[in-house]
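Below is the file my_file21.pdb, which contains PDB, C-alpha atoms.
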```pdb
ATOM      1  CA  MET A 673       0.000   0.000   0.000  1.00  0.00           C
ATOM      2  CA  GLN A 674       1.549   3.280  -0.999  1.00  0.00           C
ATOM      3  CA  HIS A 675       0.818   6.826  -1.862  1.00  0.00           C
ATOM      4  CA  MET A 676       2.202   7.745  -5.224  1.00  0.00           C
ATOM      5  CA  PRO A 677       4.741  10.532  -5.040  1.00  0.00           C
ATOM      6  CA  ASN A 678       3.225  13.852  -4.127  1.00  0.00           C
ATOM      7  CA  THR A 679       4.885  17.103  -4.862  1.00  0.00           C
ATOM      8  CA  HIS A 680       4.987  20.074  -2.608  1.00  0.00           C
ATOM      9  CA  THR A 681       6.166  23.413  -3.955  1.00  0.00           C
ATOM     10  CA  GLN A 682       9.036  24.856  -1.962  1.00  0.00           C
ATOM     11  CA  PRO A 683       7.926  28.061  -0.260  1.00  0.00           C
ATOM     12  CA  ASP A 684      11.445  29.438   0.085  1.00  0.00           C
ATOM     13  CA  ALA A 685      12.377  31.073  -3.194  1.00  0.00           C
ATOM     14  CA  GLU A 686      16.006  31.379  -2.109  1.00  0.00           C
ATOM     15  CA  GLN A 687      16.464  27.665  -1.983  1.00  0.00           C
ATOM     16  CA  ALA A 688      15.432  26.558  -5.431  1.00  0.00           C
ATOM     17  CA  ASN A 689      12.552  26.539  -7.809  1.00  0.00           C
ATOM     18  CA  PHE A 690      11.585  22.923  -7.481  1.00  0.00           C
ATOM     19  CA  ALA A 691       8.911  20.846  -5.817  1.00  0.00           C
ATOM     20  CA  THR A 692       9.665  18.462  -2.963  1.00  0.00           C
ATOM     21  CA  GLN A 693       8.845  14.906  -3.905  1.00  0.00           C
ATOM     22  CA  CYS A 694       7.162  13.002  -1.078  1.00  0.00           C
ATOM     23  CA  PHE A 695       6.624   9.254  -0.922  1.00  0.00           C
ATOM     24  CA  ALA A 696       4.842   7.252   1.804  1.00  0.00           C
ATOM     25  CA  GLU A 697       4.404   3.492   1.911  1.00  0.00           C
ATOM     26  CA  LEU A 698       3.184   0.697   4.202  1.00  0.00           C
ATOM     27  CA  THR A 699       4.507  -2.724   3.324  1.00  0.00           C
ATOM     28  CA  GLU A 700       4.447  -6.341   4.489  1.00  0.00           C
ATOM     29  CA  SER A 701       7.682  -6.983   2.588  1.00  0.00           C
ATOM     30  CA  ALA A 702      11.226  -6.472   3.864  1.00  0.00           C
ATOM     31  CA  ILE A 703      12.471  -2.916   3.412  1.00  0.00           C
ATOM     32  CA  ASP A 704      15.477  -2.819   1.077  1.00  0.00           C
ATOM     33  CA  LEU A 705      17.563   0.055   2.429  1.00  0.00           C
ATOM     34  CA  ASN A 706      19.780   0.167  -0.662  1.00  0.00           C
ATOM     35  CA  GLN A 707      16.697   0.656  -2.778  1.00  0.00           C
ATOM     36  CA  VAL A 708      15.377   3.319  -0.404  1.00  0.00           C
ATOM     37  CA  LEU A 709      18.689   5.166  -0.500  1.00  0.00           C
ATOM     38  CA  ARG A 710      18.626   5.312  -4.287  1.00  0.00           C
ATOM     39  CA  ARG A 711      15.022   6.452  -4.399  1.00  0.00           C
ATOM     40  CA  PHE A 712      15.531   9.958  -5.696  1.00  0.00           C
ATOM     41  CA  ILE A 713      18.469   9.268  -7.999  1.00  0.00           C
ATOM     42  CA  HIS A 714      17.074   6.388 -10.020  1.00  0.00           C
ATOM     43  CA  PRO A 715      16.696   7.547 -13.634  1.00  0.00           C
ATOM     44  CA  GLN A 716      13.019   6.595 -13.655  1.00  0.00           C
ATOM     45  CA  ASN A 717      12.416   8.848 -10.678  1.00  0.00           C
ATOM     46  CA  SER A 718      14.392  11.812 -11.850  1.00  0.00           C
ATOM     47  CA  LEU A 719      13.298  15.059 -10.302  1.00  0.00           C
ATOM     48  CA  PRO A 720      13.329  18.642 -11.332  1.00  0.00           C
ATOM     49  CA  GLY A 721      16.209  19.919  -9.215  1.00  0.00           C
ATOM     50  CA  GLU A 722      17.729  16.460  -8.824  1.00  0.00           C
ATOM     51  CA  ASN A 723      21.211  17.795  -9.414  1.00  0.00           C
ATOM     52  CA  ALA A 724      20.763  20.079  -6.425  1.00  0.00           C
ATOM     53  CA  ILE A 725      20.940  17.214  -3.892  1.00  0.00           C
ATOM     54  CA  GLY A 726      23.960  17.692  -1.667  1.00  0.00           C
ATOM     55  CA  ALA A 727      22.877  15.727   1.397  1.00  0.00           C
ATOM     56  CA  ARG A 728      21.055  12.451   1.758  1.00  0.00           C
ATOM     57  CA  VAL A 729      20.079  11.219   5.249  1.00  0.00           C
ATOM     58  CA  LEU A 730      18.716   7.708   5.771  1.00  0.00           C
ATOM     59  CA  PHE A 731      17.248   6.611   9.100  1.00  0.00           C
ATOM     60  CA  SER A 732      16.498   2.943   9.707  1.00  0.00           C
ATOM     61  CA  GLY A 733      14.493   1.992  12.788  1.00  0.00           C
ATOM     62  CA  GLU A 734      15.319  -1.650  13.566  1.00  0.00           C
ATOM     63  CA  ILE A 735      14.115  -4.405  15.877  1.00  0.00           C
ATOM     64  CA  ARG A 736      16.193  -4.626  19.059  1.00  0.00           C
ATOM     65  CA  GLY A 737      16.941  -8.070  20.455  1.00  0.00           C
ATOM     66  CA  ALA A 738      16.143  -6.986  24.010  1.00  0.00           C
ATOM     67  CA  ASN A 739      13.636  -4.662  25.632  1.00  0.00           C
ATOM     68  CA  HIS A 740      12.222  -4.264  29.154  1.00  0.00           C
ATOM     69  CA  GLY A 741      15.062  -6.572  30.287  1.00  0.00           C
ATOM     70  CA  GLN A 742      13.708  -9.428  28.182  1.00  0.00           C
ATOM     71  CA  THR A 743      14.886 -11.159  25.024  1.00  0.00           C
ATOM     72  CA  VAL A 744      12.750 -10.142  22.050  1.00  0.00           C
ATOM     73  CA  VAL A 745      12.153 -12.812  19.426  1.00  0.00           C
ATOM     74  CA  GLN A 746       9.613 -11.121  17.148  1.00  0.00           C
ATOM     75  CA  LEU A 747       7.637  -7.959  16.821  1.00  0.00           C
ATOM     76  CA  GLU A 748       4.289  -7.429  15.103  1.00  0.00           C
ATOM     77  CA  TYR A 749       3.069  -4.157  13.603  1.00  0.00           C
ATOM     78  CA  THR A 750      -0.604  -3.466  12.897  1.00  0.00           C
ATOM     79  CA  ALA A 751      -2.136  -0.282  11.527  1.00  0.00           C
ATOM     80  CA  HIS A 752      -5.298   1.520  10.603  1.00  0.00           C
ATOM     81  CA  ARG A 753      -3.966   1.384   7.075  1.00  0.00           C
ATOM     82  CA  SER A 754      -5.739   4.217   5.300  1.00  0.00           C
ATOM     83  CA  LEU A 755      -5.308   6.684   8.167  1.00  0.00           C
ATOM     84  CA  ALA A 756      -1.684   5.664   8.742  1.00  0.00           C
ATOM     85  CA  LEU A 757      -0.780   6.202   5.107  1.00  0.00           C
ATOM     86  CA  LYS A 758      -2.618   9.519   5.045  1.00  0.00           C
ATOM     87  CA  HIS A 759      -0.889  10.649   8.230  1.00  0.00           C
ATOM     88  CA  ILE A 760       2.607   9.734   7.026  1.00  0.00           C
ATOM     89  CA  THR A 761       1.928  11.614   3.796  1.00  0.00           C
ATOM     90  CA  ASP A 762       0.766  14.642   5.818  1.00  0.00           C
ATOM     91  CA  VAL A 763       3.938  14.500   7.942  1.00  0.00           C
ATOM     92  CA  LEU A 764       6.147  14.378   4.834  1.00  0.00           C
ATOM     93  CA  GLN A 765       4.327  17.346   3.374  1.00  0.00           C
ATOM     94  CA  ALA A 766       4.624  19.237   6.663  1.00  0.00           C
ATOM     95  CA  ALA A 767       8.369  18.535   6.637  1.00  0.00           C
ATOM     96  CA  ALA A 768       8.527  19.878   3.092  1.00  0.00           C
ATOM     97  CA  GLU A 769       6.863  23.085   4.271  1.00  0.00           C
ATOM     98  CA  LYS A 770       9.173  23.414   7.263  1.00  0.00           C
ATOM     99  CA  TYR A 771      12.483  22.530   5.607  1.00  0.00           C
ATOM    100  CA  PRO A 772      13.886  23.154   2.106  1.00  0.00           C
ATOM    101  CA  LEU A 773      13.839  19.529   0.985  1.00  0.00           C
ATOM    102  CA  ILE A 774      14.220  18.023  -2.448  1.00  0.00           C
ATOM    103  CA  GLY A 775      12.823  14.626  -1.520  1.00  0.00           C
ATOM    104  CA  ALA A 776      11.272  12.954   1.529  1.00  0.00           C
ATOM    105  CA  LEU A 777      10.269   9.331   1.930  1.00  0.00           C
ATOM    106  CA  CYS A 778       8.934   7.156   4.738  1.00  0.00           C
ATOM    107  CA  VAL A 779       8.309   3.410   4.487  1.00  0.00           C
ATOM    108  CA  HIS A 780       6.841   1.497   7.448  1.00  0.00           C
ATOM    109  CA  ARG A 781       6.652  -2.278   7.815  1.00  0.00           C
ATOM    110  CA  LEU A 782       3.518  -4.119   8.901  1.00  0.00           C
ATOM    111  CA  GLY A 783       3.133  -7.742   9.998  1.00  0.00           C
ATOM    112  CA  MET A 784       5.561  -9.965  11.893  1.00  0.00           C
ATOM    113  CA  LEU A 785       9.230  -8.918  11.968  1.00  0.00           C
ATOM    114  CA  SER A 786      12.343 -10.632  13.311  1.00  0.00           C
ATOM    115  CA  VAL A 787      15.141  -9.082  15.325  1.00  0.00           C
ATOM    116  CA  ALA A 788      17.446  -6.808  13.282  1.00  0.00           C
ATOM    117  CA  GLU A 789      14.894  -6.210  10.525  1.00  0.00           C
ATOM    118  CA  CYS A 790      14.123  -2.663   9.472  1.00  0.00           C
ATOM    119  CA  ALA A 791      10.721  -1.544  10.755  1.00  0.00           C
ATOM    120  CA  VAL A 792      10.719   1.984   9.387  1.00  0.00           C
ATOM    121  CA  ALA A 793      12.933   3.903   6.993  1.00  0.00           C
ATOM    122  CA  VAL A 794      13.028   7.656   6.465  1.00  0.00           C
ATOM    123  CA  LEU A 795      15.005   9.260   3.671  1.00  0.00           C
ATOM    124  CA  THR A 796      15.440  13.000   3.352  1.00  0.00           C
ATOM    125  CA  CYS A 797      17.310  14.758   0.590  1.00  0.00           C
ATOM    126  CA  GLY A 798      18.285  18.411   0.562  1.00  0.00           C
ATOM    127  CA  ARG A 799      20.871  20.800  -0.713  1.00  0.00           C
ATOM    128  CA  HIS A 800      22.699  20.715   2.639  1.00  0.00           C
ATOM    129  CA  ARG A 801      23.034  18.327   5.577  1.00  0.00           C
ATOM    130  CA  LYS A 802      21.429  20.688   8.085  1.00  0.00           C
ATOM    131  CA  GLU A 803      17.962  20.518   6.594  1.00  0.00           C
ATOM    132  CA  ALA A 804      18.300  16.842   5.651  1.00  0.00           C
ATOM    133  CA  PHE A 805      19.168  15.839   9.256  1.00  0.00           C
ATOM    134  CA  ALA A 806      16.590  18.125  10.854  1.00  0.00           C
ATOM    135  CA  ALA A 807      13.788  17.044   8.552  1.00  0.00           C
ATOM    136  CA  ASN A 808      14.622  13.383   9.041  1.00  0.00           C
ATOM    137  CA  GLN A 809      14.332  13.675  12.824  1.00  0.00           C
ATOM    138  CA  TYR A 810      11.138  15.722  12.496  1.00  0.00           C
ATOM    139  CA  ILE A 811       9.563  13.029  10.324  1.00  0.00           C
ATOM    140  CA  ILE A 812      10.525   9.995  12.417  1.00  0.00           C
ATOM    141  CA  ASP A 813       9.552  11.708  15.683  1.00  0.00           C
ATOM    142  CA  ARG A 814       6.086  12.538  14.387  1.00  0.00           C
ATOM    143  CA  VAL A 815       5.560   9.166  12.711  1.00  0.00           C
ATOM    144  CA  LYS A 816       6.449   7.312  15.916  1.00  0.00           C
ATOM    145  CA  ALA A 817       4.284   9.504  18.123  1.00  0.00           C
ATOM    146  CA  GLU A 818       1.230  10.104  15.961  1.00  0.00           C
ATOM    147  CA  THR A 819       0.742   7.597  13.143  1.00  0.00           C
ATOM    148  CA  PRO A 820      -1.914   4.962  13.948  1.00  0.00           C
ATOM    149  CA  ILE A 821       0.497   2.029  13.925  1.00  0.00           C
ATOM    150  CA  TRP A 822       0.997  -0.288  16.904  1.00  0.00           C
ATOM    151  CA  LYS A 823       3.679  -2.779  17.770  1.00  0.00           C
ATOM    152  CA  ARG A 824       3.542  -5.894  19.924  1.00  0.00           C
ATOM    153  CA  GLU A 825       6.738  -7.425  21.202  1.00  0.00           C
ATOM    154  CA  PHE A 826       6.985 -11.185  21.625  1.00  0.00           C
ATOM    155  CA  PHE A 827       9.557 -12.369  24.165  1.00  0.00           C
ATOM    156  CA  ALA A 828      11.614 -15.526  24.503  1.00  0.00           C
ATOM    157  CA  ASP A 829       9.607 -16.647  27.558  1.00  0.00           C
ATOM    158  CA  GLY A 830       6.391 -16.735  25.490  1.00  0.00           C
ATOM    159  CA  SER A 831       4.934 -13.503  26.846  1.00  0.00           C
ATOM    160  CA  SER A 832       4.087 -10.426  24.767  1.00  0.00           C
ATOM    161  CA  LYS A 833       3.593  -6.729  25.367  1.00  0.00           C
ATOM    162  CA  TRP A 834       1.962  -3.958  23.360  1.00  0.00           C
ATOM    163  CA  GLY A 835       4.295  -1.058  22.731  1.00  0.00           C
ATOM    164  CA  GLU A 836       3.612   2.263  24.380  1.00  0.00           C
ATOM    165  CA  ASN A 837       3.722   5.696  22.871  1.00  0.00           C
ATOM    166  CA  CYS A 838       7.301   6.888  22.351  1.00  0.00           C
ATOM    167  CA  HIS A 839       8.271  10.539  22.359  1.00  0.00           C
TER     168      HIS A 839
ATOM    169  CA  MET B 884     -31.621   2.099  18.848  1.00  0.00           C
ATOM    170  CA  ILE B 885     -28.865   1.953  16.238  1.00  0.00           C
ATOM    171  CA  THR B 886     -26.163  -0.623  15.647  1.00  0.00           C
ATOM    172  CA  VAL B 887     -22.594   0.272  14.710  1.00  0.00           C
ATOM    173  CA  GLU B 888     -19.522  -1.835  14.039  1.00  0.00           C
ATOM    174  CA  ILE B 889     -16.377  -0.999  15.987  1.00  0.00           C
ATOM    175  CA  HIS B 890     -12.898  -2.105  14.903  1.00  0.00           C
ATOM    176  CA  LEU B 891     -10.276  -2.161  17.629  1.00  0.00           C
ATOM    177  CA  TYR B 892      -6.512  -2.058  17.746  1.00  0.00           C
ATOM    178  CA  ALA B 893      -3.579  -2.848  20.016  1.00  0.00           C
ATOM    179  CA  GLN B 894      -4.400  -3.091  23.742  1.00  0.00           C
ATOM    180  CA  LEU B 895      -8.135  -2.830  23.076  1.00  0.00           C
ATOM    181  CA  ARG B 896      -8.043  -6.130  21.177  1.00  0.00           C
ATOM    182  CA  ASP B 897      -7.096  -7.897  24.408  1.00  0.00           C
ATOM    183  CA  PHE B 898     -10.424  -6.804  25.867  1.00  0.00           C
ATOM    184  CA  PHE B 899     -12.829  -6.930  22.921  1.00  0.00           C
ATOM    185  CA  GLY B 900     -11.174  -8.788  20.023  1.00  0.00           C
ATOM    186  CA  ASP B 901     -10.647  -7.283  16.560  1.00  0.00           C
ATOM    187  CA  ARG B 902     -14.189  -5.964  16.155  1.00  0.00           C
ATOM    188  CA  LEU B 903     -17.652  -6.000  17.682  1.00  0.00           C
ATOM    189  CA  SER B 904     -21.143  -4.617  17.101  1.00  0.00           C
ATOM    190  CA  VAL B 905     -22.719  -2.368  19.698  1.00  0.00           C
ATOM    191  CA  GLU B 906     -26.216  -0.994  20.137  1.00  0.00           C
ATOM    192  CA  LEU B 907     -26.600   2.668  21.007  1.00  0.00           C
ATOM    193  CA  PRO B 908     -29.430   5.169  21.429  1.00  0.00           C
ATOM    194  CA  ASP B 909     -30.419   6.924  18.193  1.00  0.00           C
ATOM    195  CA  THR B 910     -28.597  10.158  18.909  1.00  0.00           C
ATOM    196  CA  SER B 911     -25.236   8.814  20.038  1.00  0.00           C
ATOM    197  CA  THR B 912     -21.790  10.314  19.639  1.00  0.00           C
ATOM    198  CA  ALA B 913     -18.223   9.094  19.532  1.00  0.00           C
ATOM    199  CA  GLU B 914     -18.031   9.626  23.276  1.00  0.00           C
ATOM    200  CA  ASP B 915     -21.058   7.370  23.822  1.00  0.00           C
ATOM    201  CA  ILE B 916     -19.289   4.492  22.072  1.00  0.00           C
ATOM    202  CA  ARG B 917     -16.505   4.694  24.631  1.00  0.00           C
ATOM    203  CA  ALA B 918     -19.040   4.738  27.471  1.00  0.00           C
ATOM    204  CA  VAL B 919     -20.824   1.629  26.180  1.00  0.00           C
ATOM    205  CA  LEU B 920     -17.541  -0.252  25.800  1.00  0.00           C
ATOM    206  CA  THR B 921     -16.473   0.765  29.300  1.00  0.00           C
ATOM    207  CA  GLN B 922     -19.754  -0.696  30.585  1.00  0.00           C
ATOM    208  CA  LYS B 923     -19.000  -3.928  28.725  1.00  0.00           C
ATOM    209  CA  ASN B 924     -15.521  -4.196  30.230  1.00  0.00           C
ATOM    210  CA  ALA B 925     -14.478  -1.760  32.937  1.00  0.00           C
ATOM    211  CA  LEU B 926     -10.903  -3.085  32.823  1.00  0.00           C
ATOM    212  CA  ALA B 927     -10.547  -1.456  29.400  1.00  0.00           C
ATOM    213  CA  GLY B 928     -11.541   1.940  30.790  1.00  0.00           C
ATOM    214  CA  ASP B 929      -8.053   3.414  31.025  1.00  0.00           C
ATOM    215  CA  TRP B 930      -7.281   2.538  27.396  1.00  0.00           C
ATOM    216  CA  LEU B 931     -10.679   3.694  26.178  1.00  0.00           C
ATOM    217  CA  LYS B 932     -10.134   7.078  27.817  1.00  0.00           C
ATOM    218  CA  VAL B 933      -7.014   7.728  25.759  1.00  0.00           C
ATOM    219  CA  SER B 934      -8.297   6.213  22.501  1.00  0.00           C
ATOM    220  CA  ARG B 935      -9.664   8.244  19.604  1.00  0.00           C
ATOM    221  CA  LEU B 936     -12.546   7.353  17.345  1.00  0.00           C
ATOM    222  CA  ALA B 937     -11.962   7.416  13.603  1.00  0.00           C
ATOM    223  CA  SER B 938     -13.736   6.624  10.376  1.00  0.00           C
ATOM    224  CA  GLU B 939     -12.036   4.992   7.405  1.00  0.00           C
ATOM    225  CA  ASP B 940     -10.242   8.197   6.523  1.00  0.00           C
ATOM    226  CA  ALA B 941     -10.434  10.724   9.396  1.00  0.00           C
ATOM    227  CA  PHE B 942     -10.306  11.170  13.163  1.00  0.00           C
ATOM    228  CA  LEU B 943     -13.707  12.083  14.609  1.00  0.00           C
ATOM    229  CA  ALA B 944     -14.579  14.685  17.218  1.00  0.00           C
ATOM    230  CA  GLU B 945     -16.025  13.611  20.577  1.00  0.00           C
ATOM    231  CA  ASP B 946     -19.440  14.999  19.635  1.00  0.00           C
ATOM    232  CA  PHE B 947     -19.488  13.415  16.188  1.00  0.00           C
ATOM    233  CA  PRO B 948     -22.953  11.848  15.683  1.00  0.00           C
ATOM    234  CA  VAL B 949     -22.495   8.200  14.806  1.00  0.00           C
ATOM    235  CA  ALA B 950     -24.766   6.737  12.140  1.00  0.00           C
ATOM    236  CA  SER B 951     -26.749   3.516  12.138  1.00  0.00           C
ATOM    237  CA  GLY B 952     -24.814   0.814  10.294  1.00  0.00           C
ATOM    238  CA  GLY B 953     -21.636   2.872  10.486  1.00  0.00           C
ATOM    239  CA  VAL B 954     -18.174   1.352  10.770  1.00  0.00           C
ATOM    240  CA  TYR B 955     -15.828   3.072  13.224  1.00  0.00           C
ATOM    241  CA  TYR B 956     -12.316   2.518  14.523  1.00  0.00           C
ATOM    242  CA  LEU B 957     -11.063   2.988  18.081  1.00  0.00           C
ATOM    243  CA  LEU B 958      -7.380   3.907  18.078  1.00  0.00           C
ATOM    244  CA  PRO B 959      -5.211   3.757  21.221  1.00  0.00           C
ATOM    245  CA  PRO B 960      -2.075   5.959  21.333  1.00  0.00           C
ATOM    246  CA  SER B 961       0.357   5.046  18.559  1.00  0.00           C
ATOM    247  CA  SER B 962       3.461   2.937  19.114  1.00  0.00           C
ATOM    248  CA  GLY B 963       4.949   2.539  15.656  1.00  0.00           C
ATOM    249  CA  GLY B 964       8.525   2.950  14.541  1.00  0.00           C
TER     250      GLY B 964
END
```

Produce structure tokens that represent the structure in this file.
Amino acid sequence: MQHMPNTHTQPDAEQANFATQCFAELTESAIDLNQVLRRFIHPQNSLPGENAIGARVLFSGEIRGANHGQTVVQLEYTAHRSLALKHITDVLQAAAEKYPLIGALCVHRLGMLSVAECAVAVLTCGRHRKEAFAANQYIIDRVKAETPIWKREFFADGSSKWGENCH
Amino acid sequence: MITVEIHLYAQLRDFFGDRLSVELPDTSTAEDIRAVLTQKNALAGDWLKVSRLASEDAFLAEDFPVASGGVYYLLPPSSGG
């Protein structure tokens, strides 16, 4: 399930005359970080202003092998799919309004994941590292706190625990 | 009376399962759905208090008038990422 790339016109005329490309996706498949990293430079996804990219920040949120002092064996993500996708898209567009970005992407896994798998990836591309780093943190913080997605951790002793809101 | 279908997520599934139908007075709101569910299982009260009602594509205000045959979603605080 994905939202096709949306464009958001940069409000800051000093930065560049291009639109920020935003891409949100929910997936049951493994997230390929190499593919994510290449998202805005693949020839088929060429952007107006593509040559302006000077900083590319990739965040990968991954499944820890221990939490609450217990050994984690698996983690399950569920979502209100349509609202979650809409919310992630809104967050990307808000980031594009707040920071002079060239591209912004967020992919979130759903279903059962194993330790060390990527649960969420955020890619931000800008002219400079400052906006790429800041926008990346802005996006992941809001996605974790607000998007209607829930995780349940399954522990080695057979117990499980729903995740709580992280800020 | 009207009947609505409620889909539940996360901690609320431990109390009610994935979904259930509830009967409500004709002029009920989102807030009334929470009250009826709290009556069904008081142990879920703390989670119901912090959960928001939504439709398929939007969060709903507390005074949103629910419709007969409507499908609604009760969303506890997020824990993604």

Please identify every residue of segment 752-799 of chain A that has at least one atom no farther than 12 Å from an atom of segment 941-961 of chain B, counting only C-alpha atoms, and for each give the shortest atom pair and the distance in Å to one decimal, arranged by chain then increasing number, as JSON lines.
```
{"residue": "A:His752", "atom": "CA", "partner": "B:Tyr956", "partner_atom": "CA", "distance": 8.1}
{"residue": "A:Arg753", "atom": "CA", "partner": "B:Tyr956", "partner_atom": "CA", "distance": 11.2}
{"residue": "A:Ser754", "atom": "CA", "partner": "B:Ala941", "partner_atom": "CA", "distance": 9.0}
{"residue": "A:Leu755", "atom": "CA", "partner": "B:Ala941", "partner_atom": "CA", "distance": 6.6}
{"residue": "A:Ala756", "atom": "CA", "partner": "B:Ser961", "partner_atom": "CA", "distance": 10.0}
{"residue": "A:Leu757", "atom": "CA", "partner": "B:Ala941", "partner_atom": "CA", "distance": 11.5}
{"residue": "A:Lys758", "atom": "CA", "partner": "B:Ala941", "partner_atom": "CA", "distance": 9.0}
{"residue": "A:His759", "atom": "CA", "partner": "B:Ala941", "partner_atom": "CA", "distance": 9.6}
```

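With distances taken over all atoms listed in the file, A:Ala807 is the one residue among A:Ala738, A:Ala807, A:Leu795, A:Val787 lying closest to Ala766 of chain A.
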
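Closest to chain B among A:Glu818, A:Asp762, A:Asp829, A:Glu697 is A:Glu818, based on all atoms listed in the file.
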
For chain A, the closest of B:Thr910, B:Ala927, B:Gly963, B:Leu891 counting only C-alpha atoms is B:Gly963

Listing only residues of chain A within 12 Å of chain B, what is the closest atom pair and its distance in Å (to one decimal) for each, using all atoms listed in the file, sorted by chain and residue number ascending, as a Markdown table?
```
| residue | atom | partner | partner_atom | distance |
| --- | --- | --- | --- | --- |
| A:Leu698 | CA | B:Gly963 | CA | 11.7 |
| A:Phe731 | CA | B:Gly964 | CA | 10.9 |
| A:Ser732 | CA | B:Gly964 | CA | 9.3 |
| A:Gly733 | CA | B:Gly964 | CA | 6.3 |
| A:Glu734 | CA | B:Gly964 | CA | 8.3 |
| A:Ile735 | CA | B:Gly964 | CA | 9.3 |
| A:Arg736 | CA | B:Gly964 | CA | 11.7 |
| A:Leu747 | CA | B:Gly963 | CA | 10.9 |
| A:Glu748 | CA | B:Gly963 | CA | 10.0 |
| A:Tyr749 | CA | B:Gly963 | CA | 7.3 |
| A:Thr750 | CA | B:Ala893 | CA | 7.7 |
| A:Ala751 | CA | B:Tyr892 | CA | 7.8 |
| A:His752 | CA | B:Tyr892 | CA | 8.1 |
| A:Arg753 | CA | B:Glu939 | CA | 8.8 |
| A:Ser754 | CA | B:Asp940 | CA | 6.1 |
| A:Leu755 | CA | B:Asp940 | CA | 5.4 |
| A:Ala756 | CA | B:Asp940 | CA | 9.2 |
| A:Leu757 | CA | B:Asp940 | CA | 9.8 |
| A:Lys758 | CA | B:Asp940 | CA | 7.9 |
| A:His759 | CA | B:Ala941 | CA | 9.6 |
| A:Ile760 | CA | B:Gly963 | CA | 11.5 |
| A:Cys778 | CA | B:Gly964 | CA | 10.7 |
| A:Val779 | CA | B:Gly964 | CA | 10.1 |
| A:His780 | CA | B:Gly964 | CA | 7.4 |
| A:Arg781 | CA | B:Gly964 | CA | 8.7 |
| A:Leu782 | CA | B:Gly963 | CA | 9.6 |
| A:Gly783 | CA | B:Gly963 | CA | 11.9 |
| A:Glu789 | CA | B:Gly964 | CA | 11.9 |
| A:Cys790 | CA | B:Gly964 | CA | 9.4 |
| A:Ala791 | CA | B:Gly964 | CA | 6.3 |
| A:Val792 | CA | B:Gly964 | CA | 5.7 |
| A:Ala793 | CA | B:Gly964 | CA | 8.8 |
| A:Val794 | CA | B:Gly964 | CA | 10.4 |
| A:Ile811 | CA | B:Gly964 | CA | 11.0 |
| A:Ile812 | CA | B:Gly964 | CA | 7.6 |
| A:Asp813 | CA | B:Gly964 | CA | 8.9 |
| A:Arg814 | CA | B:Gly964 | CA | 9.9 |
| A:Val815 | CA | B:Gly964 | CA | 7.1 |
| A:Lys816 | CA | B:Gly963 | CA | 5.0 |
| A:Ala817 | CA | B:Ser961 | CA | 6.0 |
| A:Glu818 | CA | B:Ser961 | CA | 5.8 |
| A:Thr819 | CA | B:Ser961 | CA | 6.0 |
| A:Pro820 | CA | B:Ser961 | CA | 5.1 |
| A:Ile821 | CA | B:Gly963 | CA | 4.8 |
| A:Trp822 | CA | B:Ser962 | CA | 4.6 |
| A:Lys823 | CA | B:Gly963 | CA | 5.9 |
| A:Arg824 | CA | B:Ala893 | CA | 7.7 |
| A:Glu825 | CA | B:Ser962 | CA | 11.1 |
| A:Ser832 | CA | B:Gln894 | CA | 11.3 |
| A:Lys833 | CA | B:Gln894 | CA | 8.9 |
| A:Trp834 | CA | B:Gln894 | CA | 6.4 |
| A:Gly835 | CA | B:Ser962 | CA | 5.5 |
| A:Glu836 | CA | B:Ser962 | CA | 5.3 |
| A:Asn837 | CA | B:Ser962 | CA | 4.7 |
| A:Cys838 | CA | B:Ser962 | CA | 6.4 |
| A:His839 | CA | B:Ser962 | CA | 9.6 |
```

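Atom to atom, atom CA of Arg711 of chain A and atom CA of Ala788 of chain A stand 22.2 Å apart.
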
Since I can't run it myself right now, could you work out what the PyMOL selection byres ((chain A and resi 806) around 12) selects here and report it as a ChimeraX atom specification?
/A:727-731,767-768,770-773,776,794-798,800-805,807-813

Quick one: apply the PyMOL selection byres ((chain B and resi 898) around 12) to the file and drop the selected residues here as a PDB file with C-alpha atoms, in the coordinates of the input.
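Final file, expr-v7.pdb:
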```
ATOM      1  CA  LEU B 891     -10.276  -2.161  17.629  1.00  0.00           C
ATOM      2  CA  TYR B 892      -6.512  -2.058  17.746  1.00  0.00           C
ATOM      3  CA  ALA B 893      -3.579  -2.848  20.016  1.00  0.00           C
ATOM      4  CA  GLN B 894      -4.400  -3.091  23.742  1.00  0.00           C
ATOM      5  CA  LEU B 895      -8.135  -2.830  23.076  1.00  0.00           C
ATOM      6  CA  ARG B 896      -8.043  -6.130  21.177  1.00  0.00           C
ATOM      7  CA  ASP B 897      -7.096  -7.897  24.408  1.00  0.00           C
ATOM      8  CA  PHE B 899     -12.829  -6.930  22.921  1.00  0.00           C
ATOM      9  CA  GLY B 900     -11.174  -8.788  20.023  1.00  0.00           C
ATOM     10  CA  ASP B 901     -10.647  -7.283  16.560  1.00  0.00           C
ATOM     11  CA  ARG B 902     -14.189  -5.964  16.155  1.00  0.00           C
ATOM     12  CA  LEU B 903     -17.652  -6.000  17.682  1.00  0.00           C
ATOM     13  CA  LEU B 920     -17.541  -0.252  25.800  1.00  0.00           C
ATOM     14  CA  THR B 921     -16.473   0.765  29.300  1.00  0.00           C
ATOM     15  CA  LYS B 923     -19.000  -3.928  28.725  1.00  0.00           C
ATOM     16  CA  ASN B 924     -15.521  -4.196  30.230  1.00  0.00           C
ATOM     17  CA  ALA B 925     -14.478  -1.760  32.937  1.00  0.00           C
ATOM     18  CA  LEU B 926     -10.903  -3.085  32.823  1.00  0.00           C
ATOM     19  CA  ALA B 927     -10.547  -1.456  29.400  1.00  0.00           C
ATOM     20  CA  GLY B 928     -11.541   1.940  30.790  1.00  0.00           C
ATOM     21  CA  ASP B 929      -8.053   3.414  31.025  1.00  0.00           C
ATOM     22  CA  TRP B 930      -7.281   2.538  27.396  1.00  0.00           C
ATOM     23  CA  LEU B 931     -10.679   3.694  26.178  1.00  0.00           C
TER      24      LEU B 931
END
```
